[in-house]
Amino acid sequence: MIAFVKGTVEHIEENAVIIDTGAFGTKVFMTPASLSSMKTGEEVKVYTYLRVAEDIFDLYGFLTREELDVFKMIISVNGAGPKAGLAVLSALSPAALSVAIVTDDYKSITRAQGVGPKLAQKIVLELKDKFKGREIKLDDTSGEIFSPVDTGNDAVEALVVLGYPRADALRAVSGVEKGLSTEDTIKAALIRLMR
């Protein structure tokens, strides 16, 4: 397997990049966000996943190992192939996908092109256990971390039902002292939201 490709960006296409590795050019399929951060002529290192089928040798690339790991989790779901995995990561960052999975928010996953409600629900159902207990960085700027636990999930859902946006509910719950009951977690989170 090819673990990564390192070289110079030769050409950027709509859904792939051609990387000159010195001896040959390698075509790597990537998300639009990753492609938009690249420039022709610059050096890049891309972590890769090689899909081999009957007459297919496609290489999928990611700028971080985290993205690659999440991609592998997505394609482990029955019915979710590499194209669906790339579509999901094009619509949601790994952190946003993690939050969607632990809070049963399959509707966010349906924003990915070609991913319908059934597949999105399957992704949530099959990956939920893999994301439980895993710390999730809510965004790159704040450094806030959400560690999903059952009490936290119930509290987040309750706040969403009360009309708070899911992201705000997650931030509020993540800032509450751990070990409280669901009811106390909701009360403490509401106090944070009203500030």
# chains A, B, ... in the order shown; residues from 1 in each chain; ligands from 1
$ residues_around --residues "Val70 (chain A)" --least-positions-apart "6" --cutoff "9 Å" --atoms "only C-alpha atoms" --output "list of chain:residue names"
A:Gly85, A:Leu89, A:Pro94, A:Leu97, A:Ser98
$ write_last_selection --atoms "N, CA and C atoms" --output "compact mmCIF listing (two decimals), in the first residue's frame"
# COMPACT_ATOMS: atom_id res chain seq x y z
N GLY A 85 -17.12 8.44 1.00
CA GLY A 85 -16.22 8.91 2.07
C GLY A 85 -15.65 10.28 1.76
N LEU A 89 -16.40 13.96 3.70
CA LEU A 89 -15.33 14.83 4.18
C LEU A 89 -15.26 16.15 3.40
N PRO A 94 -13.53 16.57 9.84
CA PRO A 94 -13.55 15.42 10.76
C PRO A 94 -14.20 15.75 12.10
N LEU A 97 -18.00 16.02 11.58
CA LEU A 97 -18.55 14.68 11.39
C LEU A 97 -18.61 13.94 12.72
N SER A 98 -17.56 14.06 13.52
CA SER A 98 -17.54 13.40 14.83
C SER A 98 -18.70 13.88 15.69
$ select_by_dssp --residues "region 5-194 of chain A" --states "helix (DSSP H, G or I)" --output "NGL selection string"
:A and (32-36 or 65-75 or 82-91 or 94-102 or 106-109 or 117-131 or 150-161 or 166-174 or 182-194)
$ residues_around --residues "Val77 (chain A)" --least-positions-apart "4" --cutoff "10 Å" --atoms "only C-alpha atoms" --output "JSON, numbers by chain"
{"A": [72, 73, 81, 85, 119, 122, 123, 124, 125, 126, 127]}
$ write_last_selection --atoms "N, CA and C atoms" --output "CSV table (one decimal), in the first residue's frame"
chain,number,residue,atom,x,y,z
A,72,LYS,N,-11.2,6.2,6.5
A,72,LYS,CA,-11.2,4.7,6.6
A,72,LYS,C,-12.4,4.3,7.4
A,73,MET,N,-12.7,5.0,8.4
A,73,MET,CA,-13.9,4.6,9.2
A,73,MET,C,-15.2,4.7,8.4
A,81,GLY,N,-18.7,3.7,0.0
A,81,GLY,CA,-17.4,3.5,-0.7
A,81,GLY,C,-16.6,4.7,-0.6
A,85,GLY,N,-17.1,8.4,1.0
A,85,GLY,CA,-16.2,8.9,2.1
A,85,GLY,C,-15.7,10.3,1.8
A,119,LEU,N,-28.1,6.0,4.1
A,119,LEU,CA,-26.7,5.8,4.3
A,119,LEU,C,-26.2,6.7,5.5
A,122,LYS,N,-26.9,5.0,8.6
A,122,LYS,CA,-26.1,3.8,8.8
A,122,LYS,C,-24.7,4.2,9.3
A,123,ILE,N,-24.2,5.3,8.7
A,123,ILE,CA,-22.9,5.8,9.2
A,123,ILE,C,-22.9,6.2,10.6
A,124,VAL,N,-24.0,6.9,11.1
A,124,VAL,CA,-24.1,7.2,12.5
A,124,VAL,C,-24.2,6.0,13.3
A,125,LEU,N,-25.0,5.1,12.9
A,125,LEU,CA,-25.3,3.8,13.7
A,125,LEU,C,-24.0,3.0,13.9
A,126,GLU,N,-23.3,2.8,12.8
A,126,GLU,CA,-22.1,1.9,12.8
A,126,GLU,C,-20.9,2.5,13.4
A,127,LEU,N,-20.8,3.9,13.3
A,127,LEU,CA,-19.5,4.5,13.8
A,127,LEU,C,-19.7,5.1,15.2
$ closest_residue --among "A:Ala53, A:Val44, A:Ile12, A:Ala172" --to "Leu190 (chain A)" --atoms "only C-alpha atoms"
A:Ala172
$ closest_residue --among "A:Val99, A:Val161, A:Val5, A:Val156" --to "Ala188 (chain A)" --atoms "only C-alpha atoms"
A:Val156
$ residues_around --residues "Val28 (chain A)" --least-positions-apart "4" --cutoff "10 Å" --atoms "only C-alpha atoms" --output "PyMOL selection string"
chain A and resi 5+12-13+15-19+46-50+58-62
$ write_last_selection --atoms "C-alpha atoms" --output "compact mmCIF listing (two decimals), in the first residue's frame"
# COMPACT_ATOMS: atom_id res chain seq x y z
CA VAL A 5 2.88 10.71 -1.72
CA ILE A 12 -4.88 20.70 -9.97
CA GLU A 13 -8.10 19.28 -11.41
CA ASN A 15 -11.50 16.63 -7.84
CA ALA A 16 -7.85 15.56 -7.95
CA VAL A 17 -4.26 16.73 -7.97
CA ILE A 18 -1.36 15.46 -10.07
CA ILE A 19 1.79 15.23 -7.94
CA VAL A 46 -0.40 13.73 1.06
CA TYR A 47 -1.47 10.73 3.18
CA THR A 48 -3.15 8.22 0.92
CA TYR A 49 -5.58 5.33 0.66
CA LEU A 50 -5.28 3.04 -2.37
CA ASP A 58 -7.57 4.93 -7.40
CA LEU A 59 -5.55 6.88 -4.87
CA TYR A 60 -7.40 9.07 -2.34
CA GLY A 61 -5.40 11.71 -0.49
CA PHE A 62 -5.63 13.73 2.72
$ closest_residue --among "A:Gly25, A:Pro165, A:Gly179, A:Gly114" --to "Gly79 (chain A)" --atoms "only C-alpha atoms"
A:Gly114
$ closest_residue --among "A:Arg192, A:Thr185, A:Gly22, A:Ala3" --to "Asp69 (chain A)" --atoms "only C-alpha atoms"
A:Ala3
$ atom_distance --atom1 "CA of Arg65 (chain A)" --atom2 "CA of Ser93 (chain A)"
13.0 Å
$ closest_residue --among "A:Ile56, A:Ala100, A:Ala120, A:Ala33" --to "Arg166 (chain A)" --atoms "only C-alpha atoms"
A:Ala100
$ atom_distance --atom1 "CA of Arg171 (chain A)" --atom2 "CA of Lys107 (chain A)"
19.8 Å
$ atom_distance --atom1 "CA of Ala155 (chain A)" --atom2 "CA of Gly116 (chain A)"
27.3 Å
$ select_by_dssp --residues "region 3-193 of chain A" --states "strand (DSSP E)" --output "MDAnalysis selection string"
chainID A and resid 4:12 16:20 25:29 43:52 57:62 136:137 145:146
$ write_last_selection --atoms "N, CA and C atoms" --output "mmCIF file, in the first residue's frame"
data_model
loop_
_atom_site.group_PDB
_atom_site.id
_atom_site.type_symbol
_atom_site.label_atom_id
_atom_site.label_comp_id
_atom_site.auth_asym_id
_atom_site.auth_seq_id
_atom_site.Cartn_x
_atom_site.Cartn_y
_atom_site.Cartn_z
ATOM 1 N N PHE A 4 1.894 7.389 1.705
ATOM 2 C CA PHE A 4 1.801 8.816 1.382
ATOM 3 C C PHE A 4 2.523 9.082 0.078
ATOM 4 N N VAL A 5 2.225 10.256 -0.493
ATOM 5 C CA VAL A 5 2.877 10.708 -1.718
ATOM 6 C C VAL A 5 3.482 12.073 -1.406
ATOM 7 N N LYS A 6 4.750 12.228 -1.743
ATOM 8 C CA LYS A 6 5.436 13.496 -1.495
ATOM 9 C C LYS A 6 6.038 13.970 -2.806
ATOM 10 N N GLY A 7 5.801 15.232 -3.130
ATOM 11 C CA GLY A 7 6.347 15.755 -4.372
ATOM 12 C C GLY A 7 5.844 17.161 -4.643
ATOM 13 N N THR A 8 5.925 17.548 -5.922
ATOM 14 C CA THR A 8 5.540 18.887 -6.350
ATOM 15 C C THR A 8 4.196 18.839 -7.052
ATOM 16 N N VAL A 9 3.340 19.814 -6.739
ATOM 17 C CA VAL A 9 2.027 19.893 -7.396
ATOM 18 C C VAL A 9 2.248 20.273 -8.854
ATOM 19 N N GLU A 10 1.875 19.364 -9.740
ATOM 20 C CA GLU A 10 2.036 19.573 -11.179
ATOM 21 C C GLU A 10 0.787 20.232 -11.772
ATOM 22 N N HIS A 11 -0.378 19.721 -11.345
ATOM 23 C CA HIS A 11 -1.639 20.208 -11.927
ATOM 24 C C HIS A 11 -2.781 19.931 -10.952
ATOM 25 N N ILE A 12 -3.721 20.879 -10.843
ATOM 26 C CA ILE A 12 -4.880 20.698 -9.969
ATOM 27 C C ILE A 12 -6.129 20.595 -10.833
ATOM 28 N N ALA A 16 -9.118 16.278 -8.146
ATOM 29 C CA ALA A 16 -7.852 15.558 -7.953
ATOM 30 C C ALA A 16 -6.665 16.484 -8.193
ATOM 31 N N VAL A 17 -5.507 16.006 -7.751
ATOM 32 C CA VAL A 17 -4.257 16.731 -7.970
ATOM 33 C C VAL A 17 -3.263 15.755 -8.604
ATOM 34 N N ILE A 18 -2.438 16.262 -9.490
ATOM 35 C CA ILE A 18 -1.357 15.462 -10.066
ATOM 36 C C ILE A 18 -0.077 15.897 -9.351
ATOM 37 N N ILE A 19 0.571 14.939 -8.687
ATOM 38 C CA ILE A 19 1.794 15.235 -7.936
ATOM 39 C C ILE A 19 2.984 14.609 -8.650
ATOM 40 N N ASP A 20 3.966 15.448 -8.969
ATOM 41 C CA ASP A 20 5.195 14.990 -9.611
ATOM 42 C C ASP A 20 6.128 14.488 -8.514
ATOM 43 N N GLY A 25 4.136 11.058 -12.447
ATOM 44 C CA GLY A 25 3.065 11.869 -11.875
ATOM 45 C C GLY A 25 1.990 10.973 -11.288
ATOM 46 N N THR A 26 1.551 11.291 -10.098
ATOM 47 C CA THR A 26 0.544 10.494 -9.407
ATOM 48 C C THR A 26 -0.743 11.300 -9.281
ATOM 49 N N LYS A 27 -1.863 10.705 -9.726
ATOM 50 C CA LYS A 27 -3.154 11.371 -9.610
ATOM 51 C C LYS A 27 -3.783 10.949 -8.289
ATOM 52 N N VAL A 28 -4.146 11.952 -7.465
ATOM 53 C CA VAL A 28 -4.703 11.695 -6.143
ATOM 54 C C VAL A 28 -6.035 12.439 -6.010
ATOM 55 N N PHE A 29 -7.106 11.700 -5.736
ATOM 56 C CA PHE A 29 -8.420 12.309 -5.523
ATOM 57 C C PHE A 29 -8.470 12.907 -4.123
ATOM 58 N N GLU A 43 5.649 22.161 -2.872
ATOM 59 C CA GLU A 43 5.898 20.814 -2.343
ATOM 60 C C GLU A 43 4.756 20.414 -1.433
ATOM 61 N N VAL A 44 4.287 19.165 -1.560
ATOM 62 C CA VAL A 44 3.210 18.671 -0.701
ATOM 63 C C VAL A 44 3.507 17.249 -0.237
ATOM 64 N N LYS A 45 2.894 16.904 0.889
ATOM 65 C CA LYS A 45 2.915 15.528 1.384
ATOM 66 C C LYS A 45 1.458 15.168 1.637
ATOM 67 N N VAL A 46 0.996 14.121 0.981
ATOM 68 C CA VAL A 46 -0.399 13.729 1.059
ATOM 69 C C VAL A 46 -0.494 12.288 1.563
ATOM 70 N N TYR A 47 -1.249 12.078 2.655
ATOM 71 C CA TYR A 47 -1.474 10.727 3.183
ATOM 72 C C TYR A 47 -2.533 10.069 2.313
ATOM 73 N N THR A 48 -2.304 8.809 1.952
ATOM 74 C CA THR A 48 -3.150 8.216 0.923
ATOM 75 C C THR A 48 -3.803 6.886 1.314
ATOM 76 N N TYR A 49 -4.874 6.608 0.587
ATOM 77 C CA TYR A 49 -5.576 5.328 0.665
ATOM 78 C C TYR A 49 -5.697 4.830 -0.766
ATOM 79 N N LEU A 50 -5.224 3.614 -1.033
ATOM 80 C CA LEU A 50 -5.277 3.036 -2.367
ATOM 81 C C LEU A 50 -6.462 2.087 -2.480
ATOM 82 N N ARG A 51 -7.347 2.369 -3.431
ATOM 83 C CA ARG A 51 -8.491 1.479 -3.688
ATOM 84 C C ARG A 51 -8.160 0.641 -4.910
ATOM 85 N N VAL A 52 -8.176 -0.666 -4.717
ATOM 86 C CA VAL A 52 -7.908 -1.591 -5.816
ATOM 87 C C VAL A 52 -9.160 -2.431 -6.049
ATOM 88 N N PHE A 57 -7.478 1.389 -9.926
ATOM 89 C CA PHE A 57 -6.396 1.678 -8.976
ATOM 90 C C PHE A 57 -6.482 3.172 -8.669
ATOM 91 N N ASP A 58 -7.376 3.525 -7.751
ATOM 92 C CA ASP A 58 -7.574 4.929 -7.402
ATOM 93 C C ASP A 58 -6.876 5.249 -6.093
ATOM 94 N N LEU A 59 -6.253 6.426 -6.056
ATOM 95 C CA LEU A 59 -5.551 6.881 -4.869
ATOM 96 C C LEU A 59 -6.309 8.082 -4.299
ATOM 97 N N TYR A 60 -6.691 7.987 -3.027
ATOM 98 C CA TYR A 60 -7.400 9.072 -2.338
ATOM 99 C C TYR A 60 -6.439 9.702 -1.340
ATOM 100 N N GLY A 61 -6.388 11.037 -1.320
ATOM 101 C CA GLY A 61 -5.398 11.708 -0.491
ATOM 102 C C GLY A 61 -5.975 12.679 0.513
ATOM 103 N N PHE A 62 -5.209 12.877 1.611
ATOM 104 C CA PHE A 62 -5.625 13.730 2.720
ATOM 105 C C PHE A 62 -4.416 14.463 3.275
ATOM 106 N N ILE A 136 -13.099 15.568 20.861
ATOM 107 C CA ILE A 136 -13.345 16.232 19.589
ATOM 108 C C ILE A 136 -13.033 17.716 19.755
ATOM 109 N N LYS A 137 -12.134 18.219 18.927
ATOM 110 C CA LYS A 137 -11.832 19.650 18.938
ATOM 111 C C LYS A 137 -12.964 20.356 18.196
ATOM 112 N N ILE A 145 -12.578 21.583 23.538
ATOM 113 C CA ILE A 145 -12.657 20.150 23.274
ATOM 114 C C ILE A 145 -13.924 19.598 23.887
ATOM 115 N N PHE A 146 -14.616 18.753 23.135
ATOM 116 C CA PHE A 146 -15.823 18.086 23.598
ATOM 117 C C PHE A 146 -15.512 16.608 23.709
#
$ closest_residue --among "A:Ile109, A:Met38, A:Ala189, A:Ala84" --to "Ala96 (chain A)" --atoms "only C-alpha atoms"
A:Ile109
